[in-house]
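**Q** My structure is in query.cif, and what it holds is mmCIF, C-alpha atoms:
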```cif
data_data
loop_
_atom_site.group_PDB
_atom_site.id
_atom_site.type_symbol
_atom_site.label_atom_id
_atom_site.label_comp_id
_atom_site.auth_asym_id
_atom_site.auth_seq_id
_atom_site.Cartn_x
_atom_site.Cartn_y
_atom_site.Cartn_z
ATOM 1 C CA THR J 1 0.000 0.000 0.000
ATOM 2 C CA PRO J 2 1.145 3.625 -0.438
ATOM 3 C CA ARG J 3 1.320 4.033 3.354
ATOM 4 C CA ALA J 4 3.570 0.983 3.684
ATOM 5 C CA VAL J 5 5.822 2.251 0.895
ATOM 6 C CA ASP J 6 6.133 5.642 2.577
ATOM 7 C CA ALA J 7 7.064 3.924 5.844
ATOM 8 C CA LEU J 8 9.789 1.869 4.155
ATOM 9 C CA ILE J 9 11.248 4.919 2.433
ATOM 10 C CA ALA J 10 11.176 6.910 5.672
ATOM 11 C CA ARG J 11 12.980 4.080 7.441
ATOM 12 C CA LEU J 12 15.910 4.448 5.042
ATOM 13 C CA ASP J 13 16.716 7.776 6.724
ATOM 14 C CA ASN J 14 16.952 6.330 10.229
ATOM 15 C CA ARG J 15 20.733 6.329 10.626
ATOM 16 C CA LEU J 16 20.531 4.545 13.975
ATOM 17 C CA ASP J 17 18.683 1.509 12.629
ATOM 18 C CA HIS J 18 21.138 -0.243 10.300
ATOM 19 C CA THR J 19 19.215 -3.510 10.259
ATOM 20 C CA GLY J 20 15.950 -1.733 9.479
ATOM 21 C CA ARG J 21 17.530 0.263 6.678
ATOM 22 C CA ARG J 22 18.945 -2.866 5.062
ATOM 23 C CA ALA J 23 15.586 -4.628 5.358
ATOM 24 C CA SER J 24 13.735 -1.623 3.926
ATOM 25 C CA ALA J 25 16.091 -1.365 0.962
ATOM 26 C CA THR J 26 15.596 -5.050 0.218
ATOM 27 C CA ALA J 27 11.798 -4.812 0.559
ATOM 28 C CA LEU J 28 11.632 -1.799 -1.773
ATOM 29 C CA GLY J 29 13.604 -3.682 -4.400
ATOM 30 C CA GLU J 30 11.539 -6.851 -4.105
ATOM 31 C CA GLY J 31 8.343 -4.802 -4.190
ATOM 32 C CA ASN J 32 9.328 -3.045 -7.441
ATOM 33 C CA VAL J 33 8.904 0.361 -5.780
ATOM 34 C CA PHE J 34 10.513 2.453 -8.486
ATOM 35 C CA GLN J 35 9.900 5.771 -6.744
ATOM 36 C CA ALA J 36 12.413 4.631 -4.136
ATOM 37 C CA VAL J 37 15.297 4.897 -6.630
ATOM 38 C CA PRO J 38 16.576 8.358 -5.567
ATOM 39 C CA HIS J 39 16.379 7.341 -1.902
ATOM 40 C CA LEU J 40 18.322 4.149 -2.581
ATOM 41 C CA VAL J 41 20.916 6.071 -4.589
ATOM 42 C CA ASP J 42 21.645 8.123 -1.469
ATOM 43 C CA LEU J 43 22.616 4.914 0.323
ATOM 44 C CA LEU J 44 25.281 3.789 -2.154
ATOM 45 C CA ASP J 45 27.955 5.704 -0.218
ATOM 46 C CA ASP J 46 26.582 4.822 3.198
ATOM 47 C CA ARG J 47 29.066 4.282 6.018
ATOM 48 C CA ASP J 48 27.554 0.879 6.688
ATOM 49 C CA PRO J 49 28.769 -1.346 3.792
ATOM 50 C CA GLN J 50 25.877 -3.762 4.303
ATOM 51 C CA VAL J 51 23.373 -0.953 3.802
ATOM 52 C CA ALA J 52 25.196 0.107 0.630
ATOM 53 C CA ILE J 53 25.170 -3.471 -0.665
ATOM 54 C CA ALA J 54 21.432 -3.791 0.039
ATOM 55 C CA ALA J 55 20.768 -0.510 -1.782
ATOM 56 C CA ASP J 56 22.884 -1.624 -4.749
ATOM 57 C CA ALA J 57 21.011 -4.934 -4.934
ATOM 58 C CA ALA J 58 17.656 -3.143 -4.782
ATOM 59 C CA LEU J 59 18.675 -0.733 -7.543
ATOM 60 C CA SER J 60 19.868 -3.621 -9.668
ATOM 61 C CA ARG J 61 16.517 -5.347 -9.258
ATOM 62 C CA LEU J 62 14.521 -2.195 -9.953
ATOM 63 C CA THR J 63 16.476 -0.944 -12.940
ATOM 64 C CA LEU J 64 18.033 -4.093 -14.411
ATOM 65 C CA ARG J 65 21.503 -2.636 -13.891
ATOM 66 C CA GLY J 66 23.972 -2.742 -11.004
ATOM 67 C CA ALA J 67 25.597 0.410 -9.658
ATOM 68 C CA ARG J 68 28.992 -1.106 -8.973
ATOM 69 C CA GLN J 69 29.099 -3.178 -12.144
ATOM 70 C CA ILE J 70 28.789 -0.144 -14.410
ATOM 71 C CA GLY J 71 30.497 2.423 -12.195
ATOM 72 C CA MET J 72 27.456 4.639 -11.677
ATOM 73 C CA THR J 73 28.129 7.525 -9.339
ATOM 74 C CA ARG J 74 25.386 9.118 -7.289
ATOM 75 C CA ASP J 75 25.129 12.087 -9.685
ATOM 76 C CA LYS J 76 24.969 9.791 -12.719
ATOM 77 C CA TRP J 77 22.241 7.744 -11.074
ATOM 78 C CA LEU J 78 20.168 10.850 -10.373
ATOM 79 C CA GLN J 79 20.693 12.069 -13.925
ATOM 80 C CA TRP J 80 19.556 8.701 -15.217
ATOM 81 C CA TRP J 81 16.517 8.851 -12.909
ATOM 82 C CA GLU J 82 15.483 12.212 -14.342
ATOM 83 C CA GLN J 83 15.836 10.893 -17.895
ATOM 84 C CA GLU J 84 13.772 7.799 -17.131
ATOM 85 C CA SER J 85 11.069 9.864 -15.446
ATOM 86 C CA ALA J 86 10.916 12.292 -18.371
ATOM 87 C CA GLU J 87 10.683 9.413 -20.847
ATOM 88 C CA ALA J 88 7.900 7.820 -18.809
ATOM 89 C CA ARG J 89 5.928 11.057 -18.771
ATOM 90 C CA MET J 90 6.216 11.229 -22.562
ATOM 91 C CA HIS J 91 4.952 7.658 -23.009
ATOM 92 C CA ILE J 92 2.146 8.147 -20.470
ATOM 93 C CA ALA J 93 0.957 11.234 -22.357
ATOM 94 C CA ALA J 94 1.048 9.302 -25.641
ATOM 95 C CA LEU J 95 -1.031 6.495 -24.110
ATOM 96 C CA ALA J 96 -3.775 9.031 -23.533
ATOM 97 C CA SER J 97 -3.640 10.326 -27.130
ATOM 98 C CA GLY J 98 -6.138 9.590 -29.868
ATOM 99 C CA ASP J 99 -3.646 7.886 -32.185
ATOM 100 C CA VAL J 100 -3.706 4.083 -31.975
ATOM 101 C CA THR J 101 -0.204 3.658 -33.376
ATOM 102 C CA GLN J 102 1.187 6.095 -30.822
ATOM 103 C CA ARG J 103 -0.605 4.320 -27.980
ATOM 104 C CA ILE J 104 0.821 0.954 -29.000
ATOM 105 C CA ALA J 105 4.334 2.399 -29.244
ATOM 106 C CA ALA J 106 3.921 4.141 -25.885
ATOM 107 C CA ALA J 107 2.862 0.927 -24.146
ATOM 108 C CA ARG J 108 5.865 -0.887 -25.595
ATOM 109 C CA GLY J 109 8.094 1.980 -24.526
ATOM 110 C CA LEU J 110 7.027 1.472 -20.917
ATOM 111 C CA ARG J 111 8.011 -2.193 -20.819
ATOM 112 C CA VAL J 112 11.300 -1.536 -19.052
ATOM 113 C CA ASN J 113 10.472 1.871 -17.606
ATOM 114 C CA ARG J 114 9.223 1.635 -14.032
ATOM 115 C CA ALA J 115 9.068 5.353 -13.298
ATOM 116 C CA PRO J 116 6.106 6.523 -11.178
ATOM 117 C CA GLY J 117 2.857 6.444 -13.111
ATOM 118 C CA ALA J 118 3.997 3.885 -15.707
ATOM 119 C CA SER J 119 2.192 0.843 -14.331
ATOM 120 C CA GLU J 120 -0.946 2.872 -13.582
ATOM 121 C CA ALA J 121 -1.045 4.105 -17.206
ATOM 122 C CA LEU J 122 -0.609 0.561 -18.514
ATOM 123 C CA ILE J 123 -3.369 -0.756 -16.253
ATOM 124 C CA LYS J 124 -5.721 1.893 -17.631
ATOM 125 C CA ALA J 125 -4.675 0.936 -21.181
ATOM 126 C CA LEU J 126 -5.940 -2.617 -20.566
ATOM 127 C CA GLU J 127 -9.398 -1.109 -21.128
ATOM 128 C CA ASP J 128 -8.496 0.627 -24.397
ATOM 129 C CA GLU J 129 -11.038 0.230 -27.186
ATOM 130 C CA HIS J 130 -8.401 -1.259 -29.515
ATOM 131 C CA ALA J 131 -7.212 -4.807 -28.855
ATOM 132 C CA GLU J 132 -3.712 -4.044 -30.148
ATOM 133 C CA VAL J 133 -3.279 -1.399 -27.460
ATOM 134 C CA ARG J 134 -4.648 -3.702 -24.746
ATOM 135 C CA ALA J 135 -2.278 -6.483 -25.829
ATOM 136 C CA ALA J 136 0.718 -4.119 -25.826
ATOM 137 C CA ALA J 137 -0.218 -2.905 -22.341
ATOM 138 C CA ALA J 138 -0.547 -6.456 -21.010
ATOM 139 C CA GLU J 139 2.794 -7.411 -22.531
ATOM 140 C CA ALA J 140 4.438 -4.351 -20.973
ATOM 141 C CA LEU J 141 3.023 -5.243 -17.567
ATOM 142 C CA SER J 142 4.692 -8.656 -17.829
ATOM 143 C CA TYR J 143 8.008 -6.759 -17.740
ATOM 144 C CA GLN J 144 6.876 -4.381 -15.008
ATOM 145 C CA GLY J 145 6.105 -6.986 -12.350
ATOM 146 C CA ALA J 146 3.703 -4.536 -10.710
ATOM 147 C CA PHE J 147 1.650 -6.104 -7.910
ATOM 148 C CA GLU J 148 -1.007 -3.409 -8.290
ATOM 149 C CA ALA J 149 -1.803 -4.754 -11.771
ATOM 150 C CA GLY J 150 -2.983 -8.143 -10.507
ATOM 151 C CA GLU J 151 -6.748 -7.634 -10.409
ATOM 152 C CA ALA J 152 -6.732 -5.780 -13.744
ATOM 153 C CA LEU J 153 -4.773 -8.605 -15.368
ATOM 154 C CA ILE J 154 -7.211 -11.213 -14.055
ATOM 155 C CA ALA J 155 -10.001 -9.214 -15.689
ATOM 156 C CA ALA J 156 -7.963 -8.893 -18.891
ATOM 157 C CA MET J 157 -7.552 -12.669 -19.081
ATOM 158 C CA ALA J 158 -11.262 -12.786 -19.979
ATOM 159 C CA ASP J 159 -10.721 -10.324 -22.846
ATOM 160 C CA PRO J 160 -12.476 -11.476 -26.037
ATOM 161 C CA ASP J 161 -9.231 -10.996 -27.945
ATOM 162 C CA GLU J 162 -7.057 -14.107 -27.699
ATOM 163 C CA THR J 163 -3.770 -12.198 -27.783
ATOM 164 C CA VAL J 164 -4.827 -9.873 -24.963
ATOM 165 C CA SER J 165 -5.963 -12.823 -22.845
ATOM 166 C CA ARG J 166 -2.713 -14.707 -23.424
ATOM 167 C CA GLU J 167 -0.469 -11.701 -22.683
ATOM 168 C CA ALA J 168 -2.431 -10.924 -19.512
ATOM 169 C CA ALA J 169 -1.983 -14.517 -18.340
ATOM 170 C CA VAL J 170 1.776 -14.344 -18.901
ATOM 171 C CA ALA J 171 1.990 -11.055 -16.990
ATOM 172 C CA LEU J 172 -0.068 -12.418 -14.101
ATOM 173 C CA GLN J 173 2.155 -15.475 -13.743
ATOM 174 C CA GLY J 174 5.149 -13.163 -13.464
ATOM 175 C CA ILE J 175 3.626 -11.191 -10.596
ATOM 176 C CA ARG J 176 3.028 -14.245 -8.368
ATOM 177 C CA ASP J 177 0.964 -12.296 -5.842
ATOM 178 C CA PRO J 178 -0.564 -14.529 -3.124
ATOM 179 C CA ALA J 179 -3.344 -11.970 -2.636
ATOM 180 C CA LEU J 180 -4.772 -13.059 -5.997
ATOM 181 C CA VAL J 181 -5.085 -16.736 -5.125
ATOM 182 C CA GLU J 182 -8.650 -16.835 -3.794
ATOM 183 C CA GLY J 183 -10.077 -15.017 -6.810
ATOM 184 C CA LEU J 184 -8.173 -17.282 -9.191
ATOM 185 C CA ILE J 185 -9.381 -20.394 -7.360
ATOM 186 C CA VAL J 186 -13.008 -19.388 -7.890
ATOM 187 C CA LYS J 187 -12.420 -18.741 -11.588
ATOM 188 C CA ALA J 188 -10.482 -21.984 -12.020
ATOM 189 C CA LEU J 189 -13.139 -24.097 -10.268
ATOM 190 C CA PHE J 190 -16.041 -22.667 -12.203
ATOM 191 C CA GLY J 191 -14.389 -22.397 -15.603
ATOM 192 C CA LYS J 192 -15.754 -23.876 -18.794
ATOM 193 C CA HIS J 193 -13.016 -26.368 -19.710
ATOM 194 C CA ASN J 194 -11.409 -23.962 -22.155
ATOM 195 C CA ASP J 195 -8.119 -22.122 -22.622
ATOM 196 C CA LEU J 196 -9.203 -19.375 -20.220
ATOM 197 C CA GLN J 197 -9.801 -21.820 -17.371
ATOM 198 C CA ARG J 198 -6.441 -23.436 -18.054
ATOM 199 C CA ARG J 199 -4.774 -20.013 -17.869
ATOM 200 C CA TYR J 200 -6.302 -19.435 -14.445
ATOM 201 C CA ILE J 201 -4.965 -22.831 -13.411
ATOM 202 C CA ALA J 202 -1.488 -22.057 -14.771
ATOM 203 C CA ALA J 203 -1.463 -18.797 -12.822
ATOM 204 C CA LEU J 204 -2.200 -20.708 -9.609
ATOM 205 C CA GLY J 205 0.704 -23.007 -10.343
ATOM 206 C CA ALA J 206 3.041 -20.076 -10.950
ATOM 207 C CA ILE J 207 2.034 -18.331 -7.715
ATOM 208 C CA GLY J 208 2.640 -21.556 -5.810
ATOM 209 C CA ASP J 209 0.282 -20.979 -2.890
ATOM 210 C CA VAL J 210 -0.722 -24.123 -0.950
ATOM 211 C CA ARG J 211 -4.311 -22.876 -0.682
ATOM 212 C CA ALA J 212 -4.743 -23.933 -4.309
ATOM 213 C CA ILE J 213 -3.861 -27.602 -3.726
ATOM 214 C CA GLU J 214 -7.303 -28.975 -2.835
ATOM 215 C CA PRO J 215 -9.184 -26.950 -5.485
ATOM 216 C CA LEU J 216 -6.682 -28.188 -8.073
ATOM 217 C CA LEU J 217 -7.158 -31.763 -6.850
ATOM 218 C CA ALA J 218 -10.860 -31.351 -7.562
ATOM 219 C CA ILE J 219 -10.043 -30.237 -11.101
ATOM 220 C CA VAL J 220 -7.580 -33.100 -11.622
ATOM 221 C CA ASN J 221 -10.516 -35.465 -11.141
ATOM 222 C CA GLU J 222 -12.648 -33.759 -13.793
ATOM 223 C CA PRO J 223 -13.359 -35.640 -17.046
ATOM 224 C CA ASP J 224 -11.968 -32.946 -19.375
ATOM 225 C CA ALA J 225 -8.452 -34.260 -20.067
ATOM 226 C CA PRO J 226 -6.667 -30.995 -21.076
ATOM 227 C CA THR J 227 -8.017 -29.176 -18.013
ATOM 228 C CA ALA J 228 -7.202 -32.069 -15.665
ATOM 229 C CA ARG J 229 -3.661 -32.217 -17.050
ATOM 230 C CA ALA J 230 -3.233 -28.480 -16.554
ATOM 231 C CA ALA J 231 -4.286 -28.892 -12.926
ATOM 232 C CA ALA J 232 -1.831 -31.770 -12.418
ATOM 233 C CA SER J 233 0.950 -29.662 -13.868
ATOM 234 C CA ALA J 234 0.053 -26.782 -11.527
ATOM 235 C CA LEU J 235 0.054 -29.176 -8.571
ATOM 236 C CA ALA J 236 3.550 -30.305 -9.508
ATOM 237 C CA GLN J 237 4.697 -26.673 -9.463
ATOM 238 C CA ILE J 238 3.155 -25.983 -6.074
ATOM 239 C CA THR J 239 4.175 -29.182 -4.309
ATOM 240 C CA GLY J 240 7.472 -30.012 -5.987
ATOM 241 C CA HIS J 241 6.238 -33.577 -6.568
ATOM 242 C CA ARG J 242 6.114 -34.913 -10.107
ATOM 243 C CA ILE J 243 3.551 -37.673 -9.820
ATOM 244 C CA GLY J 244 2.197 -37.590 -13.360
ATOM 245 C CA TYR J 245 -1.310 -36.916 -14.601
ATOM 246 C CA ASP J 246 -3.231 -39.822 -13.108
ATOM 247 C CA PRO J 247 -5.735 -38.369 -10.586
ATOM 248 C CA LYS J 248 -5.530 -41.554 -8.494
ATOM 249 C CA ASN J 249 -1.852 -40.889 -7.813
ATOM 250 C CA TRP J 250 -2.551 -37.324 -6.725
ATOM 251 C CA ASN J 251 -5.480 -38.349 -4.544
ATOM 252 C CA ARG J 252 -3.370 -41.033 -2.874
ATOM 253 C CA TRP J 253 -0.436 -38.665 -2.354
ATOM 254 C CA TRP J 254 -2.622 -36.006 -0.749
ATOM 255 C CA ALA J 255 -4.369 -38.518 1.520
ATOM 256 C CA LEU J 256 -0.964 -39.566 2.858
ATOM 257 C CA ASN J 257 0.592 -36.110 3.054
ATOM 258 C CA ARG J 258 -2.271 -33.747 3.817
ATOM 259 C CA HIS J 259 -1.278 -33.255 7.460
ATOM 260 C CA TYR J 260 2.488 -33.303 6.937
ATOM 261 C CA PHE J 261 3.046 -31.407 3.702
ATOM 262 C CA THR J 262 5.264 -28.341 3.718
ATOM 263 C CA PRO J 263 5.785 -26.281 0.550
ATOM 264 C CA PRO J 264 9.147 -26.395 -1.228
ATOM 265 C CA PRO J 265 11.655 -23.734 -0.140
ATOM 266 C CA GLU J 266 11.760 -20.450 -2.042
ATOM 267 C CA GLY J 267 13.726 -20.833 -5.249
ATOM 268 C CA ALA J 268 13.418 -24.625 -5.377
ATOM 269 C CA ASP J 269 13.046 -26.261 -8.777
ATOM 270 C CA THR J 270 9.330 -27.019 -9.093
ATOM 271 C CA ALA J 271 9.159 -27.471 -12.850
ATOM 272 C CA GLN J 272 5.903 -28.514 -14.427
ATOM 273 C CA ILE J 273 5.280 -32.128 -15.412
ATOM 274 C CA GLU J 274 6.975 -32.915 -18.686
#
```
Before anything else, please render the file you have as structure tokens.
**A**
Amino acid sequence: TPRAVDALIARLDNRLDHTGRRASATALGEGNVFQAVPHLVDLLDDRDPQVAIAADAALSRLTLRGARQIGMTRDKWLQWWEQESAEARMHIAALASGDVTQRIAAARGLRVNRAPGASEALIKALEDEHAEVRAAAAEALSYQGAFEAGEALIAAMADPDETVSREAAVALQGIRDPALVEGLIVKALFGKHNDLQRRYIAALGAIGDVRAIEPLLAIVNEPDAPTARAAASALAQITGHRIGYDPKNWNRWWALNRHYFTPPPEGADTAQIE
């Protein structure tokens, strides 16, 4: 939330709380909080080397470049920040123009620009009257990794245009926001055995939340083979167990492990069933 972001940024200035400053820098990077860039830049020369390292790592995550690897000084970083912000403002203005070609180009221009206002403009563009603009916005959001786009991307997955739906699904899988799980479960359970339902299922697998296990088990037992296989593949991602597609195997595994199962550690290889 904006209040939480403000609190994290404010914590960066607390010179007496080294641990808190390191944690805040890391959280701002992991949360894709691009407006924190100038505040993180100020920490690159911090007296505490661990704080400086955390700020560098956060900047690398936010901007796809590392301060120490390319020799960026504080002044160069701030100059770059101003250029990125100016470029974002130009693209955001173009997204609101009446020219379809300009709107498509603007959405694509925001793919790797996370300046304030970029993700909000792309979310709004998901409702553009032209499918090409909506698809370009969804594709750009897949690069942005913006948590605030989650609900809009779920809605865009039901877009009548196949390309828009597919790009929205890809973007949603990249966000991996646990807050979206319950809504996706409902849509996956009550889908119509089509590509859209299978995209909801794939998103649950990508997010990896254990709350989706039992709903996916219900889908594994459904008669529609492509949908059941998609659910089995999602279960393999969530659990880390590659049991195959046979629903009997999954039912047996869950009956034995329901009370003892713990999710795989973060970063573990939980590839889908081949």
**Q** Name the residues that the PyMOL selection byres ((chain J and resi 150-166) around 7) pulls out of this structure, and write them as a PDB file with C-alpha atoms, in the frame of the given file.
**A**
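What landed in expr26.pdb:
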```
ATOM      1  CA  ILE J 123      -3.369  -0.756 -16.253  1.00  0.00           C
ATOM      2  CA  LEU J 126      -5.940  -2.617 -20.566  1.00  0.00           C
ATOM      3  CA  ALA J 131      -7.212  -4.807 -28.855  1.00  0.00           C
ATOM      4  CA  ARG J 134      -4.648  -3.702 -24.746  1.00  0.00           C
ATOM      5  CA  ALA J 135      -2.278  -6.483 -25.829  1.00  0.00           C
ATOM      6  CA  ALA J 138      -0.547  -6.456 -21.010  1.00  0.00           C
ATOM      7  CA  PHE J 147       1.650  -6.104  -7.910  1.00  0.00           C
ATOM      8  CA  GLU J 148      -1.007  -3.409  -8.290  1.00  0.00           C
ATOM      9  CA  ALA J 149      -1.803  -4.754 -11.771  1.00  0.00           C
ATOM     10  CA  GLU J 167      -0.469 -11.701 -22.683  1.00  0.00           C
ATOM     11  CA  ALA J 168      -2.431 -10.924 -19.512  1.00  0.00           C
ATOM     12  CA  ALA J 169      -1.983 -14.517 -18.340  1.00  0.00           C
ATOM     13  CA  VAL J 170       1.776 -14.344 -18.901  1.00  0.00           C
ATOM     14  CA  LEU J 172      -0.068 -12.418 -14.101  1.00  0.00           C
ATOM     15  CA  LEU J 180      -4.772 -13.059  -5.997  1.00  0.00           C
ATOM     16  CA  LEU J 196      -9.203 -19.375 -20.220  1.00  0.00           C
TER      17      LEU J 196
END
```
**Q** Figure out the distance between atom CA of J:Gln83 and atom CA of J:Gly145, please, to one decimal in Å.
**A**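 It comes out at 21.1 Å.
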**Q** Could you jot down the atom CA of J:Val181 to atom CA of J:Ser233 separation for me, Å, one decimal place?
**A**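 Those two atoms sit 16.7 Å apart.
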**Q** If you apply the PyMOL selection byres ((chain J and resi 45) around 12) to this file, what residues do you get, as a list in words?
**A**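 Taken on the displayed file, the PyMOL selection byres ((chain J and resi 45) around 12) yields the residues His39, Leu40, Val41, Asp42, Leu43, Leu44, Asp46, Arg47, Asp48, Pro49, Gln50, Val51, Ala52, Ile53, Ala54, Ala55, Asp56, Ala67, Arg68, Met72, Thr73, Arg74 and Asp75 of chain J.
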**Q** List the residues sitting within 10 Å of (13.2, 12.6, -10.4) in the file's frame, using all atoms listed in the file, as a list in words.
**A** Gln35, Val37, Pro38, Leu78, Gln79, Trp80, Trp81, Glu82, Gln83, Glu84, Ser85, Ala86, Ala115 and Pro116 of chain J
**Q** Please indicate the distance in Å from atom CA of J:Glu139 to atom CA of J:Ala171, rounded to one decimal place.
**A**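 Value for the atom CA of J:Glu139-atom CA of J:Ala171 distance: 6.7 Å.
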**Q** Identify which of the residues J:Thr101, J:Asn32, J:Gln237, J:Ser142 lies closest to J:Ala206, counting only C-alpha atoms when measuring atom-to-atom distances.
**A** J:Gln237
**Q** The PyMOL selection byres ((chain J and resi 110) around 9) - which residues does that actually catch in the file I just gave you? List them as JSON, numbers by chain.
**A** {"J": [87, 88, 91, 92, 105, 106, 107, 108, 109, 111, 112, 113, 114, 115, 118, 119, 122, 137, 140, 141, 143, 144]}
**Q** Tell me which protein, DNA and RNA residues are within 9 Å of J:Phe261, counting all atoms listed in the file, leaving out same-chain ones fewer than 4 positions away, and put them as a list in words.
**A** Thr239, Trp254 and Asn257 of chain J
**Q** Nearest residue to J:Val186 out of J:Asp128, J:Arg211, J:Gly244, J:Pro263, using only C-alpha atoms?
**A**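 Nearest to J:Val186: J:Arg211.
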**Q** Need the shell around stretch 223-229 of chain J: protein/DNA/RNA residues with any atom at most 6 Å away, counting all atoms listed in the file. Skip same-chain ones fewer than 5 positions apart. Format as a list in words?
**A**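 Once the adjacent positions are removed, what remains is His193, Arg198 and Tyr245 of chain J.
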**Q** Between J:Ala203, J:Trp250, J:Val33, J:Asn221, which is the closest to J:Ala234 once you count only C-alpha atoms?
**A**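 The answer is J:Ala203, which sits nearest to J:Ala234.
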